[in-house]
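J.: Below you'll find structure_3.txt; it's compact mmCIF, C-alpha atoms.
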```txt
# COMPACT_ATOMS: atom_id res chain seq x y z
CA MET A 196 -17.89 -13.62 16.68
CA ALA A 197 -20.45 -11.56 18.52
CA LEU A 198 -23.57 -13.49 17.78
CA SER A 199 -26.89 -12.75 19.39
CA MET A 200 -30.35 -14.16 18.77
CA THR A 201 -33.75 -12.96 19.84
CA THR A 202 -36.92 -14.99 19.48
CA LEU A 203 -39.85 -12.75 18.78
CA GLY A 204 -43.34 -13.36 20.12
CA ASP A 205 -45.45 -16.28 19.05
CA ARG A 206 -47.43 -13.95 16.87
CA PHE A 207 -44.44 -13.69 14.56
CA ILE A 208 -42.66 -16.99 15.23
CA ASP A 209 -39.49 -15.42 13.93
CA ILE A 210 -35.92 -15.20 15.15
CA THR A 211 -33.68 -12.20 14.59
CA ILE A 212 -29.98 -12.89 14.30
CA GLN A 213 -27.14 -10.41 14.50
CA ASP A 214 -23.45 -11.16 14.17
CA THR A 215 -21.21 -8.09 14.40
CA ASP A 216 -18.05 -10.03 13.71
CA ALA A 217 -18.87 -12.40 10.87
CA ASN A 218 -15.84 -13.89 9.16
CA LYS A 219 -14.61 -16.80 7.04
CA THR A 220 -15.23 -19.41 9.72
CA PRO A 221 -18.76 -20.75 9.22
CA ILE A 222 -21.22 -20.33 12.06
CA ASN A 223 -23.06 -23.62 11.92
CA ASP A 224 -26.67 -24.58 12.61
CA ILE A 225 -27.37 -21.39 14.49
CA THR A 226 -31.04 -22.09 15.15
CA GLY A 227 -30.76 -25.86 15.56
CA LYS A 228 -33.75 -26.58 13.36
CA ALA A 229 -35.18 -26.31 9.87
CA GLY A 230 -36.72 -23.00 8.87
CA ALA A 231 -36.66 -20.24 6.30
CA LEU A 232 -34.77 -17.00 5.73
CA TYR A 233 -36.92 -13.91 5.18
CA TYR A 234 -34.52 -10.98 5.55
CA LEU A 235 -30.79 -10.56 5.13
CA SER A 236 -28.54 -7.57 5.70
CA VAL A 237 -24.77 -7.64 5.29
CA LYS A 238 -22.62 -4.67 6.24
CA ASN A 239 -19.06 -4.72 4.92
CA GLU A 240 -16.88 -2.15 6.67
CA TRP A 241 -13.74 -3.67 5.18
CA SER A 242 -12.64 -0.82 2.96
CA SER A 243 -10.12 -2.79 0.94
CA SER A 244 -12.17 -5.69 -0.35
CA SER A 245 -15.53 -6.90 -1.50
CA VAL A 246 -16.88 -9.82 0.46
CA TYR A 247 -19.22 -12.67 -0.36
CA PHE A 248 -21.87 -13.75 2.11
CA LYS A 249 -22.46 -17.51 1.84
CA LEU A 250 -25.53 -19.26 3.23
CA TYR A 251 -25.51 -23.03 3.69
CA ASP A 252 -28.25 -25.59 4.27
CA SER A 253 -25.97 -27.65 6.46
CA THR A 254 -25.22 -28.31 10.10
CA SER A 255 -21.47 -28.46 9.52
CA ALA A 256 -20.51 -26.20 6.65
CA VAL A 257 -16.87 -25.91 5.60
CA LEU A 258 -15.71 -22.97 3.50
CA GLY A 259 -14.50 -24.13 0.11
CA THR A 260 -16.09 -27.56 0.47
CA THR A 261 -19.75 -27.17 1.33
CA LEU A 262 -21.80 -25.70 -1.52
CA PRO A 263 -23.61 -22.50 -0.51
CA ILE A 264 -27.26 -22.25 -1.53
CA LEU A 265 -27.09 -18.46 -1.58
CA VAL A 266 -24.18 -16.14 -2.32
CA MET A 267 -24.35 -12.36 -2.23
CA LYS A 268 -21.50 -10.02 -3.08
CA VAL A 269 -21.13 -6.93 -0.90
CA SER A 270 -18.73 -4.29 -2.16
CA ALA A 271 -16.19 -2.61 0.12
CA SER A 272 -17.67 -0.15 2.62
CA THR A 273 -21.21 -1.07 1.59
CA THR A 274 -24.36 -2.49 3.17
CA GLU A 275 -26.67 -4.70 1.12
CA ARG A 276 -30.15 -5.83 2.08
CA ALA A 277 -32.46 -8.49 0.68
CA VAL A 278 -36.08 -9.23 1.48
CA ILE A 279 -37.50 -12.64 0.59
CA PRO A 280 -41.28 -12.43 1.14
CA ASP A 281 -41.91 -16.19 0.88
CA GLY A 282 -38.61 -17.18 2.42
CA ILE A 283 -35.77 -19.49 1.44
CA ALA A 284 -36.30 -22.81 3.15
CA TYR A 285 -33.46 -24.76 4.73
CA VAL A 286 -34.10 -28.29 5.91
CA ASN A 287 -30.80 -29.32 7.51
CA GLY A 288 -29.59 -26.24 9.33
CA LEU A 289 -28.77 -22.58 8.84
CA SER A 290 -25.07 -21.87 8.56
CA TYR A 291 -23.16 -18.95 7.06
CA CYS A 292 -19.80 -17.30 6.61
CA ILE A 293 -18.18 -14.37 4.79
CA SER A 294 -15.01 -14.51 2.72
CA ASP A 295 -13.40 -12.64 -0.15
CA GLY A 296 -13.91 -15.51 -2.59
CA ALA A 297 -16.90 -15.69 -4.94
CA GLY A 298 -19.05 -18.77 -5.39
CA THR A 299 -18.11 -21.73 -3.21
CA GLY A 300 -14.85 -19.99 -2.30
CA ALA A 301 -11.80 -21.77 -0.94
CA ALA A 302 -10.33 -22.65 2.43
CA GLY A 303 -7.56 -20.17 1.71
CA ASP A 304 -9.90 -17.23 1.23
CA ASN A 305 -9.43 -14.19 3.39
CA GLY A 306 -12.10 -13.09 5.81
CA PRO A 307 -12.92 -9.55 6.87
CA PRO A 308 -10.86 -8.12 9.75
CA THR A 309 -12.26 -8.39 13.25
CA GLY A 310 -15.49 -6.49 13.70
CA GLN A 311 -15.76 -5.29 10.10
CA ALA A 312 -18.64 -7.42 8.83
CA THR A 313 -22.10 -7.49 10.35
CA VAL A 314 -24.82 -9.95 9.37
CA ARG A 315 -28.44 -9.54 10.32
CA MET A 316 -31.12 -12.08 9.46
CA VAL A 317 -34.74 -12.80 10.21
CA VAL A 318 -35.52 -16.50 10.07
CA SER A 319 -38.32 -18.75 11.19
CA MET B 83 -33.86 -19.67 -24.23
CA ALA B 84 -35.86 -16.54 -24.92
CA LEU B 85 -34.27 -13.59 -23.24
CA GLY B 86 -36.14 -10.34 -23.65
CA SER B 87 -36.01 -6.97 -21.96
CA GLY B 88 -38.16 -3.87 -21.61
CA SER B 89 -37.95 -0.46 -20.00
CA ILE B 90 -39.75 0.39 -16.78
CA VAL B 91 -39.92 3.57 -14.76
CA GLY B 92 -38.71 4.20 -11.23
CA SER B 93 -35.21 4.35 -9.81
CA TYR B 94 -36.03 2.05 -6.88
CA ILE B 95 -37.59 -0.65 -9.04
CA GLY B 96 -34.92 -0.55 -11.70
CA THR B 97 -35.20 0.82 -15.19
CA THR B 98 -34.99 -2.39 -17.15
CA VAL B 99 -36.45 -5.84 -16.71
CA ALA B 100 -34.83 -8.89 -18.26
CA GLU B 101 -37.00 -11.95 -18.70
CA ASP B 102 -36.32 -15.48 -19.85
CA THR B 103 -39.19 -17.97 -19.88
CA LEU B 104 -37.51 -20.96 -21.48
CA LEU B 105 -34.68 -21.86 -19.18
CA SER B 106 -34.27 -25.63 -19.22
CA GLY B 107 -31.67 -28.21 -20.18
CA SER B 108 -28.59 -26.99 -21.99
CA ALA B 109 -30.19 -23.61 -22.73
CA ALA B 110 -30.43 -22.90 -19.01
CA VAL B 111 -26.70 -23.35 -18.48
CA THR B 112 -25.75 -21.27 -21.50
CA PRO B 113 -24.69 -17.93 -19.99
CA GLN B 114 -26.56 -14.87 -21.20
CA ASP B 115 -25.58 -11.23 -20.88
CA ILE B 116 -28.06 -9.13 -18.93
CA THR B 117 -26.20 -5.85 -19.10
CA SER B 118 -22.84 -4.62 -20.29
CA SER B 119 -22.41 -1.98 -17.60
CA GLY B 120 -22.53 -1.77 -13.82
CA GLY B 121 -25.68 -1.00 -11.89
CA SER B 122 -27.98 -2.36 -9.22
CA LEU B 123 -30.40 -5.25 -8.98
CA TYR B 124 -33.81 -4.38 -7.53
CA GLN B 125 -35.91 -7.51 -7.90
CA ILE B 126 -35.37 -11.11 -8.90
CA TYR B 127 -38.29 -13.43 -9.67
CA ILE B 128 -37.79 -17.16 -10.18
CA ASP B 129 -40.67 -19.43 -11.22
CA ASN B 130 -39.65 -23.04 -10.74
CA SER B 131 -43.18 -24.40 -10.50
CA LEU B 132 -42.69 -26.85 -13.40
CA ASN B 133 -39.87 -28.71 -11.63
CA THR B 134 -41.61 -30.09 -8.58
CA SER B 135 -38.66 -32.05 -7.23
CA GLN B 136 -35.72 -30.02 -8.50
CA GLN B 137 -34.32 -27.04 -6.62
CA VAL B 138 -32.72 -24.56 -8.99
CA TYR B 139 -30.13 -21.84 -8.57
CA LEU B 140 -29.94 -18.58 -10.47
CA LYS B 141 -26.26 -17.77 -10.83
CA LEU B 142 -25.12 -14.27 -11.71
CA TYR B 143 -21.60 -13.40 -12.81
CA GLN B 144 -19.85 -10.07 -13.07
CA LEU B 145 -18.40 -11.41 -16.28
CA THR B 146 -19.50 -11.47 -19.87
CA ALA B 147 -21.35 -14.59 -20.95
CA SER B 148 -18.47 -15.42 -23.29
CA THR B 149 -15.99 -15.21 -20.42
CA VAL B 150 -18.10 -17.52 -18.27
CA THR B 151 -18.27 -19.93 -21.20
CA SER B 152 -14.54 -19.81 -21.88
CA THR B 153 -13.69 -20.15 -18.18
CA GLY B 154 -16.19 -22.97 -17.89
CA VAL B 155 -19.66 -23.17 -16.39
CA GLY B 156 -19.05 -24.88 -13.09
CA THR B 157 -15.58 -23.38 -12.84
CA ALA B 158 -16.24 -19.62 -12.97
CA PRO B 159 -17.36 -18.60 -9.47
CA PRO B 160 -20.70 -16.74 -9.40
CA ASP B 161 -20.84 -13.40 -7.61
CA PHE B 162 -24.47 -14.03 -6.68
CA ILE B 163 -26.47 -17.23 -6.23
CA PHE B 164 -30.20 -17.27 -5.49
CA PRO B 165 -32.08 -20.54 -4.86
CA CYS B 166 -35.65 -21.54 -5.65
CA ALA B 167 -37.14 -24.74 -4.28
CA GLY B 168 -38.79 -27.33 -6.50
CA GLY B 169 -42.37 -26.46 -7.41
CA ALA B 170 -41.98 -22.97 -5.96
CA ILE B 171 -41.93 -19.33 -7.00
CA ARG B 172 -39.58 -17.04 -5.14
CA GLN B 173 -38.97 -13.32 -5.27
CA PHE B 174 -35.97 -11.46 -3.90
CA ASP B 175 -36.33 -7.73 -3.28
CA PHE B 176 -33.41 -5.38 -2.79
CA PRO B 177 -34.92 -2.15 -1.44
CA ASP B 178 -31.73 -0.11 -1.81
CA GLY B 179 -30.43 -1.95 -4.85
CA LEU B 180 -27.81 -4.69 -4.89
CA ALA B 181 -24.76 -3.31 -6.62
CA PHE B 182 -22.88 -5.07 -9.37
CA ALA B 183 -19.86 -3.80 -11.23
CA ALA B 184 -19.21 -3.46 -14.92
CA ARG B 185 -21.48 -6.17 -16.33
CA LEU B 186 -23.69 -9.11 -15.46
CA SER B 187 -24.49 -12.45 -17.02
CA MET B 188 -26.76 -15.25 -15.84
CA LEU B 189 -27.63 -18.92 -16.04
CA VAL B 190 -29.86 -21.40 -14.18
CA GLU B 191 -28.41 -24.59 -12.78
CA ILE B 192 -29.44 -27.40 -10.44
CA SER B 193 -26.32 -27.46 -8.25
CA ALA B 194 -25.49 -25.06 -5.43
CA GLY B 195 -22.16 -23.25 -5.20
CA THR B 196 -19.77 -22.81 -8.10
CA SER B 197 -19.85 -26.32 -9.46
CA GLY B 198 -22.35 -27.96 -11.80
CA ASN B 199 -23.29 -27.67 -15.44
CA THR B 200 -26.79 -29.13 -15.61
CA GLY B 201 -29.95 -27.22 -16.36
CA PRO B 202 -33.38 -28.01 -14.91
CA THR B 203 -35.59 -30.59 -16.64
CA ASN B 204 -38.48 -28.21 -17.30
CA ALA B 205 -38.58 -24.53 -18.09
CA VAL B 206 -37.81 -21.98 -15.38
CA THR B 207 -38.86 -18.36 -15.76
CA VAL B 208 -36.53 -15.65 -14.47
CA ARG B 209 -37.25 -11.94 -14.32
CA ILE B 210 -34.61 -9.48 -13.16
CA SER B 211 -35.18 -5.76 -12.75
CA HIS B 212 -32.06 -3.63 -12.69
CA GLY B 213 -30.90 -0.14 -13.37
```
How would this structure read if it were set down as structure tokens?

T.:
Amino acid sequence: MALSMTTLGDRFIDITIQDTDANKTPINDITGKAGALYYLSVKNEWSSSSVYFKLYDSTSAVLGTTLPILVMKVSASTTERAVIPDGIAYVNGLSYCISDGAGTGAAGDNGPPTGQATVRMVVS
Amino acid sequence: MALGSGSIVGSYIGTTVAEDTLLSGSAAVTPQDITSSGGSLYQIYIDNSLNTSQQVYLKLYQLTASTVTSTGVGTAPPDFIFPCAGGAIRQFDFPDGLAFAARLSMLVEISAGTSGNTGPTNAVTVRISHG
């Protein structure tokens, strides 16, 4: 994990998040509060497999158990971006992970190799 | 269920829009084919304003509708899931396109993740532009 967060000025009241080593282990409750997701970018440099970004409204997500509210497939060696103008609200906490299993996935899923998946988000 | 489609112009806004305005109950969880070939998604619009207390999830599968049905709704894992809060309208924009392979089918459900086989109480409108 190489997670960094930057809080923008009050004028925007937004937080930018970058994780250059996202993997199958969920990063839980990264902002410590309720909010909304406005922008998502997932870069998959793993050339041998598609990956599935999973977003949870949970403070303690577990891959294969916790149900993701958003799933986005990213093909091998591809970057995908999504803009959500009105945001996706989360009330419990913002958590996420990336694995090679679609949908909810499973604990036995594989994750991308070290440093081969980057997640960027803008949240409130 | 009333799935329709029409042609639009512009490679970065897709070339086809699929629309269903009657997604509720069992009809909502009956998978429907959007396209039989691969492509990219450019915009997704979900109008859940008639279900004020029910969050819904648009689930997209890189499978034919018949395969999702035979595998089982709630068992086949979606390749894409997009939420929409109760009483809300949400739009998802994919500026560079969101790639899908081979084919795509859809349904609307009230549970997150893979599981669940229950449609929303009232009609949800979904529009998907792709190309």

J.: Point out the residue among A:Leu289, A:Tyr251, A:Gly306, A:Ser319 with the least atom-to-atom distance to chain B, counting all atoms listed in the file.

T.: A:Tyr251

J.: Just the number, please: distance in Å from CA of Gly156 (chain B) to CA of Lys249 (chain A), one decimal.

T.: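 According to the coordinates, CA of Gly156 (chain B) and CA of Lys249 (chain A) are separated by 17.0 Å.
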
J.: Could you check which of A:Ala277, A:Val314, A:Val246, A:Leu262 is closest to Gly296 (chain A), using all atoms listed in the file?

T.: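 Going through A:Ala277, A:Val314, A:Val246, A:Leu262 one by one, the smallest distance to Gly296 (chain A) is for A:Val246.
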
J.: Counting all atoms listed in the file, which residues sit no farther than 10 Å from the position (-19.2, -15.2, -4.7) in the file's frame? I'd like them as an MDAnalysis selection string.

T.: (chainID A and resid 245:249 263 265:269 293:300) or (chainID B and resid 141:144 158:163 195:196)

J.: Excluding region 112-129 of chain B and any residue of its chain fewer than 5 positions from it, enumerate the residues within 6 Å of it, using all atoms listed in the file, and give them as a VMD selection string.

T.: chain B and resid 95 to 96 147 171 to 176 179 to 189 206 to 213

J.: Tell me which of B:Thr103, B:Ser108, B:Thr98, B:Asn130 sits closest to Gly169 (chain B), counting only C-alpha atoms.

T.: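 Looking at the shortest contact to Gly169 (chain B), the residue is B:Asn130.
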
J.: How many Å separate CA of Lys238 (chain A) from CA of Leu250 (chain A)?

T.: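 Value for the CA of Lys238 (chain A)-CA of Leu250 (chain A) distance: 15.2 Å.
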
J.: Counting all atoms listed in the file, figure out which residue out of A:Leu258, A:Lys219, A:Asp281, A:Val317 gets nearest to Ala302 (chain A).

T.: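 Ranking A:Leu258, A:Lys219, A:Asp281, A:Val317 by distance to Ala302 (chain A), first place goes to A:Leu258.
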
J.: Distance CA of Thr211 (chain A)-CA of Val318 (chain A), one decimal place?

T.: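 Interatomic distance here is 6.5 Å.
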
J.: Restricting the calculation to all atoms listed in the file: of A:Ser290, A:Thr260, A:Gln311, A:Thr215, which residue gets closest to chain B?

T.: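 The closest residue to chain B is A:Thr260.
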
J.: Can you pull out every residue within 10 Å of Ser242 (chain A), counting all atoms listed in the file, but drop anything in the same chain fewer than 6 positions away, and send it as a short mmCIF file (atom, residue, chain, number, x, y, z; two decimals) with C-alpha atoms, in the coordinates of the input?

T.:
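Printed below is out-v5.cif as written:
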```cif
data_model
loop_
_atom_site.label_atom_id
_atom_site.label_comp_id
_atom_site.auth_asym_id
_atom_site.auth_seq_id
_atom_site.Cartn_x
_atom_site.Cartn_y
_atom_site.Cartn_z
CA SER A 270 -18.73 -4.29 -2.16
CA ALA A 271 -16.19 -2.61 0.12
CA SER A 272 -17.67 -0.15 2.62
CA THR A 273 -21.21 -1.07 1.59
CA PRO A 307 -12.92 -9.55 6.87
CA GLN A 311 -15.76 -5.29 10.10
#
```

J.: How would you write as a list in words the residues that get within 6 Å of (-17.4, -23.3, 10.3) in the file's frame, counting only C-alpha atoms?

T.: Thr220, Pro221, Ile222, Asn223, Ala256 and Val257 of chain A

J.: Can you pull out every residue within 8 Å of Thr313 (chain A), counting all atoms listed in the file, but drop anything in the same chain fewer than 4 positions away, and send it as a PDB file with C-alpha atoms, keeping the file's coordinate frame?

T.:
```
ATOM      1  CA  GLN A 213     -27.140 -10.410  14.500  1.00  0.00           C
ATOM      2  CA  ASP A 214     -23.450 -11.160  14.170  1.00  0.00           C
ATOM      3  CA  THR A 215     -21.210  -8.090  14.400  1.00  0.00           C
ATOM      4  CA  ASP A 216     -18.050 -10.030  13.710  1.00  0.00           C
ATOM      5  CA  ALA A 217     -18.870 -12.400  10.870  1.00  0.00           C
ATOM      6  CA  SER A 236     -28.540  -7.570   5.700  1.00  0.00           C
ATOM      7  CA  VAL A 237     -24.770  -7.640   5.290  1.00  0.00           C
ATOM      8  CA  LYS A 238     -22.620  -4.670   6.240  1.00  0.00           C
ATOM      9  CA  ASN A 239     -19.060  -4.720   4.920  1.00  0.00           C
TER      10      ASN A 239
END
```

J.: Check the smallest atom-to-atom distance from each of B:Thr146, B:Gly201, B:Val190, B:Val138 to chain A using all atoms listed in the file, then report the winner.

T.: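 Comparing B:Thr146, B:Gly201, B:Val190, B:Val138 against chain A, the winner is B:Val138.
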
J.: Please output region 104-130 of chain B, rebuilt to include N, CA and C atoms, as an mmCIF file, in the frame of the given file.

T.:
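Heads up, here's the output in selection.cif:
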```cif
data_model
loop_
_atom_site.group_PDB
_atom_site.id
_atom_site.type_symbol
_atom_site.label_atom_id
_atom_site.label_comp_id
_atom_site.auth_asym_id
_atom_site.auth_seq_id
_atom_site.Cartn_x
_atom_site.Cartn_y
_atom_site.Cartn_z
ATOM 1 N N LEU B 104 -37.769 -19.631 -20.916
ATOM 2 C CA LEU B 104 -37.510 -20.960 -21.480
ATOM 3 C C LEU B 104 -36.200 -21.553 -20.993
ATOM 4 N N LEU B 105 -35.951 -21.402 -19.700
ATOM 5 C CA LEU B 105 -34.680 -21.860 -19.180
ATOM 6 C C LEU B 105 -34.774 -23.319 -18.726
ATOM 7 N N SER B 106 -34.329 -24.219 -19.586
ATOM 8 C CA SER B 106 -34.270 -25.630 -19.220
ATOM 9 C C SER B 106 -33.128 -26.284 -19.981
ATOM 10 N N GLY B 107 -32.708 -27.452 -19.501
ATOM 11 C CA GLY B 107 -31.670 -28.210 -20.180
ATOM 12 C C GLY B 107 -30.418 -27.408 -20.478
ATOM 13 N N SER B 108 -29.848 -27.650 -21.643
ATOM 14 C CA SER B 108 -28.590 -26.990 -21.990
ATOM 15 C C SER B 108 -28.750 -25.485 -22.171
ATOM 16 N N ALA B 109 -29.958 -25.050 -22.573
ATOM 17 C CA ALA B 109 -30.190 -23.610 -22.730
ATOM 18 C C ALA B 109 -30.052 -22.884 -21.405
ATOM 19 N N ALA B 110 -30.472 -23.545 -20.322
ATOM 20 C CA ALA B 110 -30.430 -22.900 -19.010
ATOM 21 C C ALA B 110 -29.012 -22.637 -18.542
ATOM 22 N N VAL B 111 -28.082 -23.518 -18.933
ATOM 23 C CA VAL B 111 -26.700 -23.350 -18.480
ATOM 24 C C VAL B 111 -25.833 -22.677 -19.538
ATOM 25 N N THR B 112 -26.469 -22.110 -20.537
ATOM 26 C CA THR B 112 -25.750 -21.270 -21.500
ATOM 27 C C THR B 112 -25.795 -19.839 -20.983
ATOM 28 N N PRO B 113 -24.668 -19.274 -20.583
ATOM 29 C CA PRO B 113 -24.690 -17.930 -19.990
ATOM 30 C C PRO B 113 -25.261 -16.900 -20.960
ATOM 31 N N GLN B 114 -25.992 -15.944 -20.398
ATOM 32 C CA GLN B 114 -26.560 -14.870 -21.200
ATOM 33 C C GLN B 114 -26.225 -13.523 -20.569
ATOM 34 N N ASP B 115 -25.859 -12.572 -21.382
ATOM 35 C CA ASP B 115 -25.580 -11.230 -20.880
ATOM 36 C C ASP B 115 -26.879 -10.526 -20.525
ATOM 37 N N ILE B 116 -26.913 -9.946 -19.349
ATOM 38 C CA ILE B 116 -28.060 -9.130 -18.930
ATOM 39 C C ILE B 116 -27.783 -7.666 -19.205
ATOM 40 N N THR B 117 -26.583 -7.237 -18.878
ATOM 41 C CA THR B 117 -26.200 -5.850 -19.100
ATOM 42 C C THR B 117 -24.695 -5.769 -19.287
ATOM 43 N N SER B 118 -24.272 -4.766 -20.018
ATOM 44 C CA SER B 118 -22.840 -4.620 -20.290
ATOM 45 C C SER B 118 -22.208 -3.532 -19.431
ATOM 46 N N SER B 119 -22.963 -3.004 -18.483
ATOM 47 C CA SER B 119 -22.410 -1.980 -17.600
ATOM 48 C C SER B 119 -22.845 -2.241 -16.167
ATOM 49 N N GLY B 120 -22.199 -1.578 -15.227
ATOM 50 C CA GLY B 120 -22.530 -1.770 -13.820
ATOM 51 C C GLY B 120 -23.866 -1.155 -13.461
ATOM 52 N N GLY B 121 -24.391 -1.533 -12.331
ATOM 53 C CA GLY B 121 -25.680 -1.000 -11.890
ATOM 54 C C GLY B 121 -26.115 -1.660 -10.612
ATOM 55 N N SER B 122 -27.423 -1.745 -10.425
ATOM 56 C CA SER B 122 -27.980 -2.360 -9.220
ATOM 57 C C SER B 122 -29.130 -3.281 -9.592
ATOM 58 N N LEU B 123 -29.242 -4.374 -8.861
ATOM 59 C CA LEU B 123 -30.400 -5.250 -8.980
ATOM 60 C C LEU B 123 -31.463 -4.766 -7.993
ATOM 61 N N TYR B 124 -32.719 -4.810 -8.427
ATOM 62 C CA TYR B 124 -33.810 -4.380 -7.530
ATOM 63 C C TYR B 124 -34.774 -5.518 -7.205
ATOM 64 N N GLN B 125 -35.043 -6.374 -8.153
ATOM 65 C CA GLN B 125 -35.910 -7.510 -7.900
ATOM 66 C C GLN B 125 -35.458 -8.701 -8.753
ATOM 67 N N ILE B 126 -35.582 -9.868 -8.161
ATOM 68 C CA ILE B 126 -35.370 -11.110 -8.900
ATOM 69 C C ILE B 126 -36.579 -12.000 -8.663
ATOM 70 N N TYR B 127 -37.130 -12.544 -9.725
ATOM 71 C CA TYR B 127 -38.290 -13.430 -9.670
ATOM 72 C C TYR B 127 -37.895 -14.735 -10.338
ATOM 73 N N ILE B 128 -38.093 -15.837 -9.634
ATOM 74 C CA ILE B 128 -37.790 -17.160 -10.180
ATOM 75 C C ILE B 128 -39.028 -18.028 -10.059
ATOM 76 N N ASP B 129 -39.510 -18.527 -11.202
ATOM 77 C CA ASP B 129 -40.670 -19.430 -11.220
ATOM 78 C C ASP B 129 -40.177 -20.825 -11.579
ATOM 79 N N ASN B 130 -40.124 -21.662 -10.564
ATOM 80 C CA ASN B 130 -39.650 -23.040 -10.740
ATOM 81 C C ASN B 130 -40.805 -24.017 -10.534
#
```
